[in-house]
>>> print(open('final09.txt').read())   # compact mmCIF, C-alpha atoms
# COMPACT_ATOMS: atom_id res chain seq x y z
CA MET A 21 19.48 230.54 -6.45
CA ALA A 22 17.63 227.97 -4.36
CA THR A 23 14.35 229.71 -3.63
CA ASN A 24 12.49 227.15 -1.53
CA PRO A 25 15.00 224.67 -0.10
CA VAL A 26 13.85 221.54 1.70
CA LYS A 27 15.94 219.89 4.42
CA TYR A 28 17.51 216.61 3.31
CA LEU A 29 19.87 213.96 4.57
CA SER A 30 22.28 212.84 1.85
CA LYS A 31 20.72 209.36 1.66
CA ASN A 32 17.30 210.88 0.88
CA LEU A 33 18.57 212.67 -2.22
CA ILE A 34 19.23 209.45 -4.12
CA ASN A 35 17.17 209.20 -7.33
CA LYS A 36 15.12 212.37 -6.72
CA ALA A 37 14.05 214.38 -9.77
CA THR A 38 16.33 217.34 -10.51
CA PRO A 39 16.68 220.26 -10.23
CA LEU A 40 15.75 220.24 -6.55
CA ASP A 41 16.25 223.06 -4.01
CA VAL A 42 17.99 221.55 -0.97
CA TRP A 43 19.25 222.44 2.50
CA LEU A 44 21.98 220.17 3.85
CA GLN A 45 24.19 220.19 6.91
CA GLY A 46 27.33 218.19 7.40
CA THR A 47 31.06 218.15 7.88
CA ILE A 48 33.51 219.02 5.12
CA GLU A 49 35.34 215.76 4.56
CA GLN A 50 37.44 216.81 1.60
CA THR A 51 38.18 219.88 -0.50
CA VAL A 52 38.98 219.64 -4.21
CA GLY A 53 40.61 222.80 -5.47
CA ASN A 54 38.88 226.04 -4.52
CA ASP A 55 35.39 225.23 -5.76
CA VAL A 56 34.39 221.71 -4.71
CA ILE A 57 33.89 220.02 -1.34
CA ILE A 58 32.72 216.59 -0.24
CA LEU A 59 30.20 216.95 2.58
CA SER A 60 29.39 214.10 4.97
CA ASP A 61 26.30 213.98 7.19
CA ASN A 62 26.73 210.54 8.81
CA CYS A 63 24.19 209.12 6.33
CA GLY A 64 26.38 209.50 3.27
CA LYS A 65 28.32 211.96 1.18
CA VAL A 66 27.43 214.71 -1.27
CA LYS A 67 29.60 216.58 -3.76
CA ILE A 68 29.14 220.34 -3.42
CA THR A 69 30.19 222.44 -6.42
CA LYS A 70 30.24 226.15 -7.27
CA CYS A 71 31.43 226.92 -3.74
CA GLU A 72 33.46 229.97 -4.79
CA THR A 73 30.32 231.82 -5.87
CA ALA A 74 28.11 230.79 -2.93
CA ASP A 75 26.99 233.54 -0.54
CA GLY A 76 28.92 233.25 2.73
CA VAL A 77 32.16 231.94 1.22
CA ILE A 78 34.69 234.65 1.96
CA ASP A 79 37.69 232.99 0.32
CA LYS A 80 39.07 229.50 -0.27
CA ASN A 81 40.19 229.32 3.38
CA THR A 82 36.53 229.40 4.43
CA LEU A 83 36.09 225.83 3.19
CA CYS A 84 38.20 223.87 5.67
CA LYS A 85 38.22 220.13 6.19
CA GLY A 86 36.42 219.26 9.43
CA THR A 87 34.14 222.32 9.39
CA TYR A 88 30.48 221.66 10.21
CA CYS A 89 28.38 223.76 7.84
CA CYS A 90 25.05 224.39 6.17
CA ILE A 91 24.78 224.30 2.38
CA ILE A 92 21.75 225.60 0.53
CA GLY A 93 21.70 224.95 -3.18
CA VAL A 94 20.30 223.06 -6.11
CA ALA A 95 20.66 219.31 -6.60
CA VAL A 96 21.70 218.76 -10.20
CA LYS A 97 22.56 215.04 -9.93
CA THR A 98 21.06 212.48 -7.58
CA THR A 99 22.49 209.20 -8.86
CA GLY A 100 25.74 207.80 -7.52
CA LEU A 101 27.35 210.61 -5.52
CA PRO A 102 24.70 213.39 -5.45
CA GLU A 103 25.90 216.78 -6.68
CA ILE A 104 24.70 220.12 -5.36
CA HIS A 105 25.46 223.55 -6.83
CA ALA A 106 25.91 225.71 -3.72
CA THR A 107 24.17 229.07 -3.46
CA LYS A 108 24.65 229.68 0.29
CA TYR A 109 27.28 228.55 2.80
CA ILE A 110 27.02 228.98 6.57
CA ASP A 111 29.79 227.93 8.96
CA LEU A 112 28.10 226.16 11.90
CA SER A 113 31.26 224.93 13.61
CA LYS A 114 30.56 227.13 16.65
CA HIS A 115 27.12 225.54 17.02
CA SER A 116 28.09 221.90 17.53
CA ALA A 117 24.74 221.04 19.17
CA MET A 118 23.11 221.52 15.76
CA LYS A 119 25.09 218.57 14.44
CA ASP A 120 23.49 216.16 16.90
CA ALA A 121 19.97 217.42 16.14
CA TRP A 122 20.17 217.56 12.33
CA GLU A 123 18.84 214.08 11.51
CA THR A 124 15.85 214.52 13.85
CA GLU A 125 15.22 218.03 12.50
CA VAL A 126 15.13 216.73 8.91
CA LYS A 127 12.76 213.89 9.79
CA GLU A 128 10.45 216.27 11.64
CA ALA A 129 10.44 218.74 8.73
CA GLN A 130 9.53 215.94 6.30
CA LEU A 131 6.62 214.85 8.51
CA LEU A 132 5.43 218.46 8.69
CA LEU A 133 5.59 218.85 4.90
CA GLN A 134 3.67 215.58 4.47
CA GLY A 135 0.96 216.82 6.84
CA LYS A 136 1.60 213.96 9.28
CA ILE A 137 2.27 216.35 12.15
CA LEU A 138 0.99 219.86 12.81
CA PRO A 139 2.96 222.73 14.28
CA MET A 140 2.13 223.65 17.86
CA LEU A 141 1.29 227.34 18.19
>>> encode(input="final09.txt", output="structure tokens")
Amino acid sequence: MATNPVKYLSKNLINKATPLDVWLQGTIEQTVGNDVIILSDNCGKVKITKCETADGVIDKNTLCKGTYCCIIGVAVKTTGLPEIHATKYIDLSKHSAMKDAWETEVKEAQLLLQGKILPML
């Protein structure tokens, strides 16, 4: 189970050390059987595996092409097409505004983690 996921864009996963706890959002571009999806976030693609056992996946019909979703999991491969073992799936298709904000949200989170910006309380 991913215990401390960090927000990533697909392009920022390339050549990172594995295993790595990740939080991704994107659109399901393709399904492969009942257990694998290809997720696209406008910056690239990621192969998501172990979908059937991820929390939030009710059945194979949950994973529909065109669905905007959140995947939390563990990056197990970061060369070529990155591969993530899913531990959590959240359907975000009813929250389309999140899609437009995702890239900015990831960049802001990275700056916060690097100590380059401070939270406003």
>>> closest_residue(input="final09.txt", among="A:Cys63, A:Leu138, A:Leu131, A:Tyr109", to="Val77 of chain A", atoms="all atoms listed in the file")
A:Tyr109
>>> residues_around(input="final09.txt", residues="Ile34 of chain A", least_positions_apart="3", cutoff="6 Å", atoms="all atoms listed in the file", output="PyMOL selection string")
chain A and resi 31+98-99
>>> residues_around(input="final09.txt", residues="Asp41 of chain A", least_positions_apart="4", cutoff="10 Å", atoms="only C-alpha atoms", output="list in words")
Met21, Ala22, Thr23, Asn24, Pro25, Val26, Lys27, Tyr28, Ile92, Gly93, Val94, Ala95, Val96, Ile104, His105 and Thr107 of chain A
>>> closest_residue(input="final09.txt", among="A:Thr51, A:Asn32, A:Gln130, A:Thr87", to="Cys71 of chain A", atoms="all atoms listed in the file")
A:Thr51
>>> residues_around(input="final09.txt", residues="His115 of chain A", least_positions_apart="6", cutoff="12 Å", atoms="only C-alpha atoms", output="PyMOL selection string")
chain A and resi 45+87-90+121-122
>>> closest_residue(input="final09.txt", among="A:Ala74, A:Leu29, A:Gly64, A:Ile57", to="Glu125 of chain A", atoms="all atoms listed in the file")
A:Leu29
>>> closest_residue(input="final09.txt", among="A:Lys119, A:Ile78, A:Leu141, A:Gly46", to="Ile58 of chain A", atoms="only C-alpha atoms")
A:Gly46
>>> atom_distance(input="final09.txt", atom1="atom CA of Lys67 of chain A", atom2="atom CA of Glu103 of chain A")
4.7 Å
>>> residues_around(input="final09.txt", residues="Ser30 of chain A", least_positions_apart="6", cutoff="9 Å", atoms="all atoms listed in the file", output="PyMOL selection string")
chain A and resi 44+59-66+102
>>> residues_near_point(input="final09.txt", point="(34.5, 216.8, 11.3)", cutoff="8 Å", atoms="only C-alpha atoms", output="PyMOL selection string")
chain A and resi 47-49+85-88
>>> decode(input="final09.txt", residues="segment 81-96 of chain A", atoms="all heavy atoms", output="CSV table (one decimal), in the first residue's frame")
chain,number,residue,atom,x,y,z
A,81,ASN,N,-16.3,-2.9,-14.7
A,81,ASN,CA,-17.0,-1.8,-15.4
A,81,ASN,C,-16.6,-0.4,-14.8
A,81,ASN,O,-17.0,0.6,-15.3
A,81,ASN,CB,-18.5,-2.0,-15.3
A,81,ASN,CG,-18.9,-3.3,-16.1
A,81,ASN,OD1,-18.3,-3.5,-17.2
A,81,ASN,ND2,-19.8,-4.0,-15.6
A,82,THR,N,-16.0,-0.4,-13.6
A,82,THR,CA,-15.5,0.8,-13.0
A,82,THR,C,-14.5,1.5,-13.8
A,82,THR,O,-14.4,2.7,-13.9
A,82,THR,CB,-14.9,0.5,-11.6
A,82,THR,OG1,-15.9,-0.1,-10.8
A,82,THR,CG2,-14.5,1.8,-10.9
A,83,LEU,N,-13.6,0.7,-14.5
A,83,LEU,CA,-12.5,1.3,-15.3
A,83,LEU,C,-12.9,1.5,-16.7
A,83,LEU,O,-12.6,0.6,-17.6
A,83,LEU,CB,-11.3,0.3,-15.2
A,83,LEU,CG,-10.9,-0.1,-13.8
A,83,LEU,CD1,-9.9,-1.2,-13.8
A,83,LEU,CD2,-10.3,1.1,-13.0
A,84,CYS,N,-13.5,2.6,-17.0
A,84,CYS,CA,-14.0,2.9,-18.3
A,84,CYS,C,-13.2,3.9,-19.1
A,84,CYS,O,-12.8,4.9,-18.5
A,84,CYS,CB,-15.5,3.4,-18.2
A,84,CYS,SG,-16.6,2.3,-17.5
A,85,LYS,N,-12.9,3.6,-20.4
A,85,LYS,CA,-12.2,4.5,-21.2
A,85,LYS,C,-12.9,5.9,-21.2
A,85,LYS,O,-14.1,6.0,-21.2
A,85,LYS,CB,-12.2,4.0,-22.6
A,85,LYS,CG,-11.4,4.9,-23.6
A,85,LYS,CD,-11.3,4.2,-25.0
A,85,LYS,CE,-10.6,5.2,-25.9
A,85,LYS,NZ,-10.5,4.6,-27.3
A,86,GLY,N,-12.1,7.0,-21.0
A,86,GLY,CA,-12.6,8.3,-21.0
A,86,GLY,C,-12.8,8.8,-19.6
A,86,GLY,O,-13.1,10.0,-19.4
A,87,THR,N,-12.7,8.0,-18.5
A,87,THR,CA,-13.0,8.4,-17.2
A,87,THR,C,-11.8,9.1,-16.6
A,87,THR,O,-10.7,8.7,-16.7
A,87,THR,CB,-13.3,7.2,-16.3
A,87,THR,OG1,-14.4,6.5,-16.8
A,87,THR,CG2,-13.5,7.6,-14.8
A,88,TYR,N,-12.0,10.3,-16.0
A,88,TYR,CA,-11.0,11.0,-15.3
A,88,TYR,C,-10.9,10.5,-13.9
A,88,TYR,O,-11.9,10.4,-13.2
A,88,TYR,CB,-11.3,12.5,-15.3
A,88,TYR,CG,-10.1,13.3,-14.7
A,88,TYR,CD1,-8.9,13.5,-15.4
A,88,TYR,CD2,-10.2,14.0,-13.5
A,88,TYR,CE1,-7.9,14.2,-14.9
A,88,TYR,CE2,-9.2,14.7,-13.0
A,88,TYR,CZ,-8.0,14.8,-13.7
A,88,TYR,OH,-6.9,15.5,-13.1
A,89,CYS,N,-9.7,10.1,-13.5
A,89,CYS,CA,-9.6,9.5,-12.2
A,89,CYS,C,-8.3,9.8,-11.5
A,89,CYS,O,-7.3,10.3,-12.0
A,89,CYS,CB,-9.7,7.9,-12.3
A,89,CYS,SG,-8.4,7.2,-13.3
A,90,CYS,N,-8.2,9.4,-10.2
A,90,CYS,CA,-7.1,9.5,-9.4
A,90,CYS,C,-6.6,8.1,-9.1
A,90,CYS,O,-7.4,7.2,-8.8
A,90,CYS,CB,-7.4,10.2,-8.0
A,90,CYS,SG,-6.2,10.1,-6.8
A,91,ILE,N,-5.3,7.9,-9.2
A,91,ILE,CA,-4.6,6.6,-8.9
A,91,ILE,C,-3.6,6.9,-7.9
A,91,ILE,O,-2.7,7.7,-8.1
A,91,ILE,CB,-4.0,6.0,-10.2
A,91,ILE,CG1,-5.0,5.7,-11.3
A,91,ILE,CG2,-3.2,4.7,-9.8
A,91,ILE,CD1,-6.0,4.6,-11.0
A,92,ILE,N,-3.6,6.2,-6.8
A,92,ILE,CA,-2.6,6.2,-5.8
A,92,ILE,C,-2.0,4.8,-5.8
A,92,ILE,O,-2.7,3.8,-5.9
A,92,ILE,CB,-3.1,6.5,-4.4
A,92,ILE,CG1,-3.6,8.0,-4.4
A,92,ILE,CG2,-2.0,6.3,-3.3
A,92,ILE,CD1,-4.3,8.4,-3.2
A,93,GLY,N,-0.6,4.7,-5.8
A,93,GLY,CA,0.0,3.4,-5.9
A,93,GLY,C,1.5,3.5,-5.8
A,93,GLY,O,2.0,4.5,-5.3
A,94,VAL,N,2.2,2.5,-6.3
A,94,VAL,CA,3.6,2.4,-6.2
A,94,VAL,C,4.2,2.2,-7.6
A,94,VAL,O,3.9,1.3,-8.3
A,94,VAL,CB,4.0,1.2,-5.3
A,94,VAL,CG1,5.5,1.0,-5.2
A,94,VAL,CG2,3.4,1.3,-3.9
A,95,ALA,N,5.1,3.2,-7.9
A,95,ALA,CA,5.8,3.1,-9.2
A,95,ALA,C,6.8,1.9,-9.1
A,95,ALA,O,7.7,1.9,-8.1
A,95,ALA,CB,6.5,4.4,-9.5
A,96,VAL,N,6.7,1.0,-10.0
A,96,VAL,CA,7.7,-0.2,-10.0
A,96,VAL,C,8.6,-0.1,-11.2
A,96,VAL,O,9.6,-0.9,-11.2
A,96,VAL,CB,6.9,-1.5,-9.9
A,96,VAL,CG1,6.1,-1.6,-8.6
A,96,VAL,CG2,5.9,-1.7,-11.1
